[in-house]
Structures are given as structure tokens and as C-alpha cells.
file upload_38.cif (mmCIF, C-alpha atoms)
data_entry
#
loop_
_atom_site.label_atom_id
_atom_site.label_comp_id
_atom_site.auth_asym_id
_atom_site.auth_seq_id
_atom_site.Cartn_x
_atom_site.Cartn_y
_atom_site.Cartn_z
CA MET A 1 71.86 102.67 178.22
CA ARG A 2 72.22 104.68 181.42
CA ALA A 3 74.89 106.93 179.89
CA ALA A 4 72.52 107.87 177.07
CA ARG A 5 69.79 108.60 179.61
CA LEU A 6 72.09 110.83 181.65
CA ILE A 7 73.07 112.78 178.54
CA LYS A 8 69.41 113.25 177.66
CA MET A 9 68.66 114.42 181.19
CA VAL A 10 71.36 117.10 180.95
CA LEU A 11 70.04 118.26 177.57
CA LEU A 12 66.49 118.46 178.91
CA LEU A 13 67.58 120.55 181.89
CA GLN A 14 69.72 122.71 179.63
CA SER A 15 66.74 123.53 177.42
CA ARG A 16 64.36 124.54 180.26
CA PRO A 17 64.61 126.65 183.42
CA SER A 18 63.66 123.66 185.58
CA MET A 19 61.79 120.37 185.46
CA THR A 20 60.00 118.38 188.12
CA ALA A 21 60.90 114.80 188.87
CA ALA A 22 57.60 113.71 187.34
CA GLU A 23 58.31 115.63 184.11
CA LEU A 24 61.79 114.15 183.82
CA ALA A 25 60.48 110.68 184.55
CA ARG A 26 57.92 111.04 181.77
CA GLU A 27 60.48 112.32 179.25
CA LEU A 28 63.07 109.68 180.17
CA GLU A 29 60.51 106.88 180.55
CA VAL A 30 61.78 105.90 184.00
CA SER A 31 60.51 106.16 187.57
CA GLU A 32 60.91 109.26 189.75
CA ARG A 33 63.20 107.23 191.99
CA THR A 34 65.50 106.61 189.01
CA VAL A 35 65.46 110.35 188.24
CA THR A 36 66.64 111.05 191.78
CA ARG A 37 69.48 108.53 191.47
CA ASP A 38 70.48 109.90 188.05
CA ALA A 39 70.52 113.49 189.35
CA GLN A 40 72.79 112.40 192.20
CA ALA A 41 75.10 110.58 189.74
CA LEU A 42 75.37 113.70 187.57
CA SER A 43 76.15 115.85 190.58
CA GLU A 44 78.90 113.47 191.68
CA ALA A 45 80.33 113.60 188.14
CA GLY A 46 80.64 117.39 188.33
CA VAL A 47 77.44 118.42 186.51
CA PRO A 48 75.84 121.14 188.71
CA VAL A 49 72.32 119.71 189.04
CA TYR A 50 70.40 121.42 191.83
CA ALA A 51 67.18 120.12 193.41
CA ASP A 52 64.60 122.67 194.62
CA ARG A 53 62.48 121.24 197.42
CA GLY A 54 58.76 121.74 197.94
CA ARG A 55 55.57 121.45 195.90
CA ALA A 56 56.84 123.81 193.16
CA GLY A 57 60.34 122.40 193.24
CA GLY A 58 62.26 120.49 190.65
CA TYR A 59 65.66 120.06 189.10
CA ARG A 60 67.72 122.71 187.31
CA LEU A 61 71.26 123.41 186.19
CA VAL A 62 73.16 125.98 188.23
CA GLY A 63 75.08 128.94 186.85
CA GLY A 64 74.12 128.73 183.19
CA TYR A 65 75.92 125.41 182.77
CA ARG A 66 76.06 124.16 179.17
CA THR A 67 77.31 120.76 178.13
CA ARG A 68 79.85 120.45 175.32
CA LEU A 69 77.98 117.41 174.03
CA THR A 70 75.92 119.70 171.78
CA GLY A 71 78.85 120.60 169.55
CA LEU A 72 77.11 120.34 166.18
CA HIS A 73 79.13 121.63 163.26
CA ARG A 74 77.35 123.45 160.44
CA GLY A 75 76.93 120.44 158.16
CA GLU A 76 75.30 118.43 160.93
CA ALA A 77 73.01 121.29 161.93
CA GLU A 78 71.79 121.81 158.36
CA ALA A 79 71.32 118.07 157.85
CA LEU A 80 69.27 117.96 161.05
CA PHE A 81 66.67 120.24 159.46
CA LEU A 82 66.35 117.81 156.54
CA SER A 83 65.98 114.70 158.67
CA GLY A 84 62.34 114.32 157.62
CA VAL A 85 63.44 113.28 154.13
CA PRO A 86 65.96 110.48 154.81
CA GLY A 87 65.90 109.19 151.23
CA ALA A 88 66.92 112.59 149.90
CA LEU A 89 69.69 112.85 152.51
CA ARG A 90 71.03 109.47 151.48
CA GLU A 91 71.07 110.37 147.80
CA MET A 92 72.85 113.68 148.44
CA GLY A 93 75.53 111.93 150.50
CA LEU A 94 74.44 113.58 153.76
CA GLU A 95 73.27 110.48 155.63
CA ASP A 96 76.34 110.37 157.90
CA ALA A 97 75.99 114.05 158.79
CA ALA A 98 72.33 113.56 159.66
CA SER A 99 73.13 110.54 161.80
CA ALA A 100 75.79 112.47 163.71
CA ALA A 101 73.40 115.37 164.23
CA GLN A 102 70.69 113.11 165.60
CA LEU A 103 73.14 111.55 168.04
CA LYS A 104 73.96 115.04 169.29
CA VAL A 105 70.31 116.14 169.53
CA SER A 106 70.81 119.72 170.60
CA ALA A 107 68.67 121.29 173.28
CA ALA A 108 69.67 124.75 172.08
CA LEU A 109 71.82 125.55 169.06
CA LEU A 110 74.64 128.03 169.43
CA PRO A 111 73.92 131.54 168.07
CA SER A 112 76.22 130.93 165.10
CA LEU A 113 74.02 128.00 163.99
CA ARG A 114 70.58 129.52 164.45
CA ASP A 115 70.34 130.25 160.73
CA ALA A 116 70.77 126.55 159.85
CA SER A 117 67.07 126.05 159.09
CA ARG A 118 67.12 129.04 156.72
CA THR A 119 70.28 128.00 154.91
CA ALA A 120 68.95 124.45 154.51
CA ALA A 121 65.68 125.77 153.03
CA GLN A 122 67.65 127.92 150.59
CA ARG A 123 69.47 124.91 149.23
CA PHE A 124 66.95 122.09 149.16
CA HIS A 125 63.25 121.94 148.27
CA LEU A 126 61.03 118.88 148.06
CA ASP A 127 58.13 119.15 145.59
CA ALA A 128 56.41 115.80 145.13
CA PRO A 129 52.61 116.10 145.54
CA ASN A 130 50.37 113.45 144.04
CA TRP A 131 53.21 111.47 142.49
CA PHE A 132 54.33 108.05 143.64
CA LYS A 133 57.36 106.54 141.95
CA GLU A 134 60.74 105.22 142.97
CA PRO A 135 63.31 107.96 142.29
CA LYS A 136 66.44 107.03 140.35
CA THR A 137 69.50 108.57 141.94
CA PRO A 138 71.77 110.37 139.43
CA GLU A 139 75.38 109.26 139.77
CA LEU A 140 76.67 112.84 139.96
CA LEU A 141 74.14 114.05 142.56
CA PRO A 142 76.50 113.85 145.60
CA ALA A 143 79.11 115.99 143.83
CA VAL A 144 76.50 118.57 142.88
CA ALA A 145 75.02 118.53 146.39
CA ASP A 146 78.45 119.17 147.92
CA ALA A 147 78.86 122.23 145.71
CA VAL A 148 75.37 123.48 146.64
CA TRP A 149 76.10 123.27 150.36
CA ASP A 150 79.54 124.85 149.97
CA ASP A 151 78.49 127.67 147.56
CA ARG A 152 81.15 126.51 145.12
CA ARG A 153 81.07 126.96 141.34
CA ILE A 154 80.95 123.85 139.17
CA SER A 155 81.88 123.13 135.60
CA ALA A 156 79.15 120.85 134.26
CA ARG A 157 78.84 118.96 131.02
CA TYR A 158 75.27 117.99 130.17
CA ARG A 159 73.23 116.52 127.34
CA ARG A 160 71.18 118.95 125.28
CA GLY A 161 69.40 117.49 122.27
CA GLU A 162 71.81 115.29 120.34
CA GLY A 163 74.94 116.94 121.71
CA GLU A 164 76.61 118.07 124.92
CA VAL A 165 77.21 121.54 126.35
CA VAL A 166 79.64 122.75 129.03
CA ARG A 167 78.59 125.48 131.44
CA GLU A 168 80.17 127.08 134.49
CA LEU A 169 77.39 127.31 137.06
CA GLU A 170 76.73 128.73 140.50
CA PRO A 171 74.58 125.98 142.10
CA TYR A 172 71.94 127.58 144.31
CA GLY A 173 69.61 124.72 145.22
CA LEU A 174 68.32 121.21 144.63
CA VAL A 175 64.73 120.18 144.01
CA LEU A 176 63.34 116.64 144.08
CA LYS A 177 60.19 116.65 141.94
CA ALA A 178 58.25 113.48 141.17
CA GLY A 179 61.36 111.35 141.68
CA VAL A 180 63.56 113.53 139.44
CA TRP A 181 66.42 115.67 140.79
CA TYR A 182 66.84 119.21 139.45
CA LEU A 183 69.54 121.82 140.01
CA CYS A 184 68.55 125.49 140.21
CA ALA A 185 71.66 127.40 139.24
CA ARG A 186 72.85 130.73 137.90
CA VAL A 187 75.21 130.88 134.96
CA ALA A 188 78.49 131.94 136.54
CA ARG A 189 79.38 135.59 137.04
CA GLY A 190 76.04 137.31 136.79
CA GLY A 191 74.22 135.16 134.28
CA SER A 192 70.57 134.14 134.39
CA PHE A 193 69.00 131.54 136.68
CA ARG A 194 68.15 128.23 135.02
CA VAL A 195 66.95 124.73 135.90
CA TYR A 196 68.88 121.58 134.95
CA ARG A 197 67.97 117.91 135.25
CA ILE A 198 70.86 116.34 137.11
CA ASP A 199 70.45 112.97 135.37
CA ARG A 200 71.45 114.76 132.13
CA PHE A 201 74.83 115.77 133.53
CA THR A 202 77.61 113.64 132.11
CA ALA A 203 80.49 115.22 134.05
CA VAL A 204 80.81 117.62 136.97
CA ASP A 205 83.94 119.36 138.28
CA ALA A 206 82.97 120.68 141.71
CA ASP A 207 86.36 122.14 142.63
CA GLY A 208 85.62 125.69 141.51
CA GLU A 209 86.00 128.83 143.59
CA ARG A 210 83.32 129.91 146.02
CA PHE A 211 80.68 132.41 144.89
CA GLU A 212 78.66 135.02 146.76
CA ARG A 213 75.07 133.85 147.05
CA GLU A 214 72.27 136.37 146.51
CA PRO A 215 70.84 136.73 150.05
CA ASP A 216 67.27 137.22 148.82
CA PHE A 217 67.14 134.11 146.64
CA ASP A 218 64.01 132.12 147.57
CA LEU A 219 64.29 128.55 146.28
CA PRO A 220 60.63 127.47 146.80
CA ALA A 221 59.34 130.67 145.16
CA PHE A 222 61.78 130.36 142.25
CA TRP A 223 60.80 126.74 141.68
CA GLU A 224 57.08 127.45 141.86
CA GLU A 225 57.43 130.17 139.22
CA ARG A 226 59.48 127.99 136.87
CA ALA A 227 57.23 124.97 137.36
CA GLU A 228 54.17 127.07 136.51
CA GLN A 229 55.89 128.42 133.39
CA PHE A 230 56.73 124.88 132.29
CA ALA A 231 53.20 123.60 132.95
CA ARG A 232 51.74 126.38 130.81
CA SER A 233 54.28 125.92 128.03
CA ILE A 234 53.20 122.33 127.33
CA LEU A 235 49.47 123.13 127.15
CA ARG A 236 49.21 123.51 123.37
CA ALA A 237 45.70 122.15 122.69
CA ARG A 238 42.20 122.92 123.96
CA VAL A 239 39.08 120.87 124.62
CA VAL A 240 35.54 121.87 125.58
CA VAL A 241 33.91 119.69 128.24
CA ARG A 242 30.58 119.59 130.10
CA LEU A 243 30.99 118.63 133.73
CA SER A 244 28.45 117.42 136.24
CA PRO A 245 28.69 118.81 139.81
CA ALA A 246 30.71 115.71 140.72
CA GLY A 247 32.89 116.26 137.65
CA VAL A 248 33.57 119.85 138.71
CA ARG A 249 34.77 118.64 142.10
CA ALA A 250 36.95 115.91 140.56
CA LEU A 251 38.51 117.97 137.75
CA PRO A 252 41.46 119.33 139.83
CA TYR A 253 42.44 115.74 140.62
CA ALA A 254 42.33 114.60 136.98
CA LEU A 255 44.27 117.52 135.49
CA ASP A 256 46.87 119.97 136.76
CA ALA A 257 45.11 121.56 139.73
CA LEU A 258 45.97 125.17 138.84
CA THR A 259 44.86 124.73 135.23
CA ALA A 260 41.59 123.15 136.35
CA ARG A 261 40.82 125.88 138.88
CA GLU A 262 41.49 128.64 136.35
CA ALA A 263 39.29 126.95 133.72
CA LEU A 264 36.45 126.53 136.21
CA ALA A 265 36.77 130.18 137.29
CA ASP A 266 36.31 131.27 133.65
CA ALA A 267 33.36 128.94 133.04
CA GLY A 268 29.79 130.18 132.65
CA ALA A 269 26.89 129.54 134.97
CA PRO A 270 25.65 125.96 135.46
CA ASP A 271 22.67 124.77 133.41
CA GLU A 272 19.41 123.54 134.93
CA GLY A 273 20.98 120.19 135.80
CA GLY A 274 24.01 121.81 137.43
CA TRP A 275 26.34 120.93 134.54
CA VAL A 276 29.09 123.43 133.66
CA THR A 277 30.80 123.88 130.28
CA VAL A 278 34.54 124.59 130.52
CA ASP A 279 37.27 125.37 128.02
CA LEU A 280 40.35 123.38 129.06
CA PRO A 281 43.96 123.88 127.91
CA VAL A 282 45.61 120.44 127.55
CA GLU A 283 48.93 119.04 126.45
CA SER A 284 47.47 117.04 123.57
CA GLU A 285 44.33 115.17 122.55
CA GLU A 286 45.95 111.90 123.59
CA VAL A 287 46.78 113.22 127.06
CA ALA A 288 43.31 114.75 127.44
CA HIS A 289 41.76 111.40 126.55
CA THR A 290 43.67 109.71 129.35
CA GLN A 291 43.01 112.45 131.91
CA LEU A 292 39.31 112.96 131.25
CA ALA A 293 38.65 109.23 131.16
CA ALA A 294 39.18 109.30 134.92
CA LEU A 295 35.99 111.37 135.24
CA GLY A 296 33.85 108.67 133.62
CA PRO A 297 30.20 109.69 133.09
CA GLU A 298 30.74 112.95 135.02
CA ALA A 299 32.26 114.57 131.89
CA GLU A 300 31.05 114.95 128.30
CA VAL A 301 33.51 116.09 125.65
CA LEU A 302 31.96 118.57 123.21
CA GLU A 303 35.02 119.58 121.20
CA PRO A 304 37.07 118.61 119.31
CA ALA A 305 34.94 116.16 117.40
CA SER A 306 37.79 113.65 117.12
CA LEU A 307 38.13 113.45 120.92
CA ARG A 308 34.35 113.15 121.33
CA GLU A 309 34.43 110.23 118.88
CA ARG A 310 37.12 108.53 120.98
CA PHE A 311 34.93 108.70 124.07
CA ALA A 312 31.89 107.53 122.10
CA ALA A 313 33.92 104.49 120.99
CA ASP A 314 35.01 103.90 124.60
CA ALA A 315 31.40 104.07 125.75
CA ALA A 316 30.32 101.59 123.07
CA ARG A 317 33.03 99.14 124.12
CA LEU A 318 32.07 99.47 127.77
CA ALA A 319 28.43 98.88 126.91
CA ARG A 320 29.36 95.66 125.11
CA LEU A 321 31.56 94.52 127.99
CA TYR A 322 28.86 95.08 130.60
CA ARG A 323 25.85 94.02 128.51
CA PRO A 324 23.83 91.37 130.40
CA GLU A 325 24.22 87.86 129.07
CA SER A 326 21.34 86.85 126.78
CA GLY A 327 18.75 84.78 128.61
CA ALA A 328 19.95 85.97 132.00
#

call {"tool": "encode", "arguments": {"input": "upload_38.cif", "output": "C-alpha cells"}}
result
Amino acid sequence: MRAARLIKMVLLLQSRPSMTAAELARELEVSERTVTRDAQALSEAGVPVYADRGRAGGYRLVGGYRTRLTGLHRGEAEALFLSGVPGALREMGLEDAASAAQLKVSAALLPSLRDASRTAAQRFHLDAPNWFKEPKTPELLPAVADAVWDDRRISARYRRGEGEVVRELEPYGLVLKAGVWYLCARVARGGSFRVYRIDRFTAVDADGERFEREPDFDLPAFWEERAEQFARSILRARVVVRLSPAGVRALPYALDALTAREALADAGAPDEGGWVTVDLPVESEEVAHTQLAALGPEAEVLEPASLRERFAADAARLARLYRPESGA
């Protein structure tokens, strides 16, 4: 217990010009008397802790002393920047690296590791808003993750339709979206960038040669663009809906937020009651029925007639269910 506290004290002093006894006591959760004893113990062990006397005094390390306890290697440093998503670390096989990094909590990374946050962001992106489901870990994810971190080409066999296809890929980054893992990769040797669901891989050989990563590749921006393209590609039907003011506010939560905002921006002026008529692109009539049902009486479907009839039938059933008992 004391050894861990002494290490932390050295790291704190290494990261700041000086600290008062009160500041150290607060950080270490001990008394100022204990700080004094610990500083003396460090000095006797050869750590050059110097105490400045007086009101503005405090403790500092002499001569630019740096402990070797902060020897993070690159894998640990990159894992440290992903420590906020422990489930993802575990699934990618990086849990041990993250644990080692946390044990070595660095007060100041070496210059050669200062790009660790950037390289981690290039290779992993979490996109999971408004979805709550238990992700299923693909069996081949650790092998793919190793290749992503090491900039190493893979030969992947994956299911496409009723058959399987083999591709040599340059794996640029991983994305966890709504519990599903995706690989953003470029077809080897100058091909196009594509997105693959990792649970559709049936075999991965991650022993390929290393490739030169495009330095300007922006994983979050690439994913956002592809996700938007996919969202638009599945919107093959349209419905016309009247929305109350409350319905207008709730629409982005019932449908894809971007689609809802664009439809509302193109809508006409509200009527006398504040209701707005919008033309909505939707995946299908069935999906629209489910999504718009969440708006309840704040939305009235005008077109198509078949969808309006569905909601009329729903309303009739609800009226029967909530009709007061006779004689009540």
C-alpha cells in the first residue's frame, strides 16, 4: 500500500513544478505528516525530493529527475486512450495492455508516444447513440484488431449473399455501431475503401506484410459519410404526415434524426393550430407504421391511404380497449 503511494507521489511531483504538502496530502488521501515521512523515505531511497521552506514552499524533484516507472510501450499507451470503453478493449484482445497501462499511469508520456491519442483515434471509433443491446463478439475480431493496430494486410474470407469471397485488405479502423463490429478497410494496393461486417468473416489470415497508411485518413469522418449514405439508401418509400408542435419536437427521436431534421426544414408554414405537414422518406410502410406510432395523437398520416387506414384501425382498437365499462 505504501509502495503504491510512494510511486504516485513521485509521478505527481514529476508532472508539476512543485506541490505543497497540503496538495500532496489531498491527492494521496493522507495527512500532511504522512507526506513529510514519505518525502523523507523517498530521499533516503535516492529519489531527489527537495522541500522548499516558507509560506510558498512545497516539494519538488531536483535536476529534472524522471522515474523509469513510466515506461509505457506503444501498445499500452494506445490502449490507455481507449480505457473509457472497457468492453470494446476486452473484445479486441487489448484488456491486458490496458491494465498494464493503468498500472503505469504516466505523469508525462515520452515524446515518441505523444501521438498515441491520434493513432488510437485513427484505428477505433465508437458510434452507438440511442441504441441499447448486448453486442455479440465476432470470433475473428481479435485477429482483425491486431492487424489494425499493426498496419498489417489481411487475407479475409467473408460471406456475400449465398457464397463466399476472398479479399486482400488493408485494415484501417474498427467501428462498434449498435453492438455490431465493422472493419473499415482499403482493398490492398490502392483499391477503394469499403466497410465490412466482421461477423460475416469466416476466415482471416493476419500474417500479411505491413502497409503504408494514408496519413490523412479520418476514421470518424469516413464512417459518418458511409453511415449517411447507407441511411439514405434504405429510404425507398415516402409518407405525408401532419405533426402537432409536440410531434415536431418528437419526430427526430422517432425517426433517423438527420432525416427528420431535413424533412422539417423543407416543410411549409404551420397552420392556425400550429400543425405542420411534412413529406418523410421512410424505409417501408411497415417501418413507418412502427416509428410513427411512437408519436401517438401528435401525428396524423395523410398519405399513403393504406398507412392511414392502418392507423385508423389502431385508433379504433384503442378506443375499444379504453371504452368505459357500461353502467360505470

call {"tool": "atom_distance", "arguments": {"input": "upload_38.cif", "atom1": "CA of Val62 (chain A)", "atom2": "CA of Ser31 (chain A)"}}
result
23.5 Å

call {"tool": "resolve_selection", "arguments": {"input": "upload_38.cif", "expression": "the PyMOL selection byres ((chain A and resi 46-49) around 8)", "output": "VMD selection string"}}
result
chain A and resid 39 to 40 42 to 45 50 to 51 59 to 62 65

call {"tool": "closest_residue", "arguments": {"input": "upload_38.cif", "among": "A:Ala227, A:Ala185, A:Ile198, A:Val165", "to": "Leu141 (chain A)", "atoms": "only C-alpha atoms"}}
result
A:Ile198

call {"tool": "residues_around", "arguments": {"input": "upload_38.cif", "residues": "region 312-322 of chain A", "least_positions_apart": "5", "cutoff": "12 Å", "atoms": "all atoms listed in the file", "output": "PyMOL selection string"}}
result
chain A and resi 289-290+293+296-297+300-302+305-307

call {"tool": "atom_distance", "arguments": {"input": "upload_38.cif", "atom1": "CA of Trp223 (chain A)", "atom2": "CA of Cys184 (chain A)"}}
result
8.0 Å

call {"tool": "residues_near_point", "arguments": {"input": "upload_38.cif", "point": "(79.0, 123.1, 136.7)", "cutoff": "6 Å", "atoms": "only C-alpha atoms", "output": "VMD selection string"}}
result
chain A and resid 154 to 156 167 to 169 204

call {"tool": "atom_distance", "arguments": {"input": "upload_38.cif", "atom1": "CA of Asp151 (chain A)", "atom2": "CA of Glu164 (chain A)"}}
result
24.7 Å

call {"tool": "closest_residue", "arguments": {"input": "upload_38.cif", "among": "A:Val195, A:Pro220, A:Ala299, A:Ala22", "to": "Thr36 (chain A)", "atoms": "all atoms listed in the file"}}
result
A:Ala22

call {"tool": "closest_residue", "arguments": {"input": "upload_38.cif", "among": "A:Glu27, A:Glu303, A:Asp38, A:Glu170", "to": "Ala206 (chain A)", "atoms": "only C-alpha atoms"}}
result
A:Glu170

call {"tool": "resolve_selection", "arguments": {"input": "upload_38.cif", "expression": "the PyMOL selection byres ((chain A and resi 159) around 10)", "output": "list in words"}}
result
Arg157, Tyr158, Arg160, Gly161, Glu162, Gly163, Glu164, Val165, Val166, Arg197, Asp199, Arg200, Phe201, Thr202 and Ala203 of chain A

call {"tool": "resolve_selection", "arguments": {"input": "upload_38.cif", "expression": "the PyMOL selection byres ((chain A and resi 234-250) around 6)", "output": "list in words"}}
result
Ala231, Arg232, Ser233, Leu251, Pro252, Tyr253, Trp275, Val276, Thr277, Val278, Asp279, Leu280, Pro281, Val282, Glu283, Ser284, Glu298, Ala299, Glu300, Val301, Leu302 and Glu303 of chain A
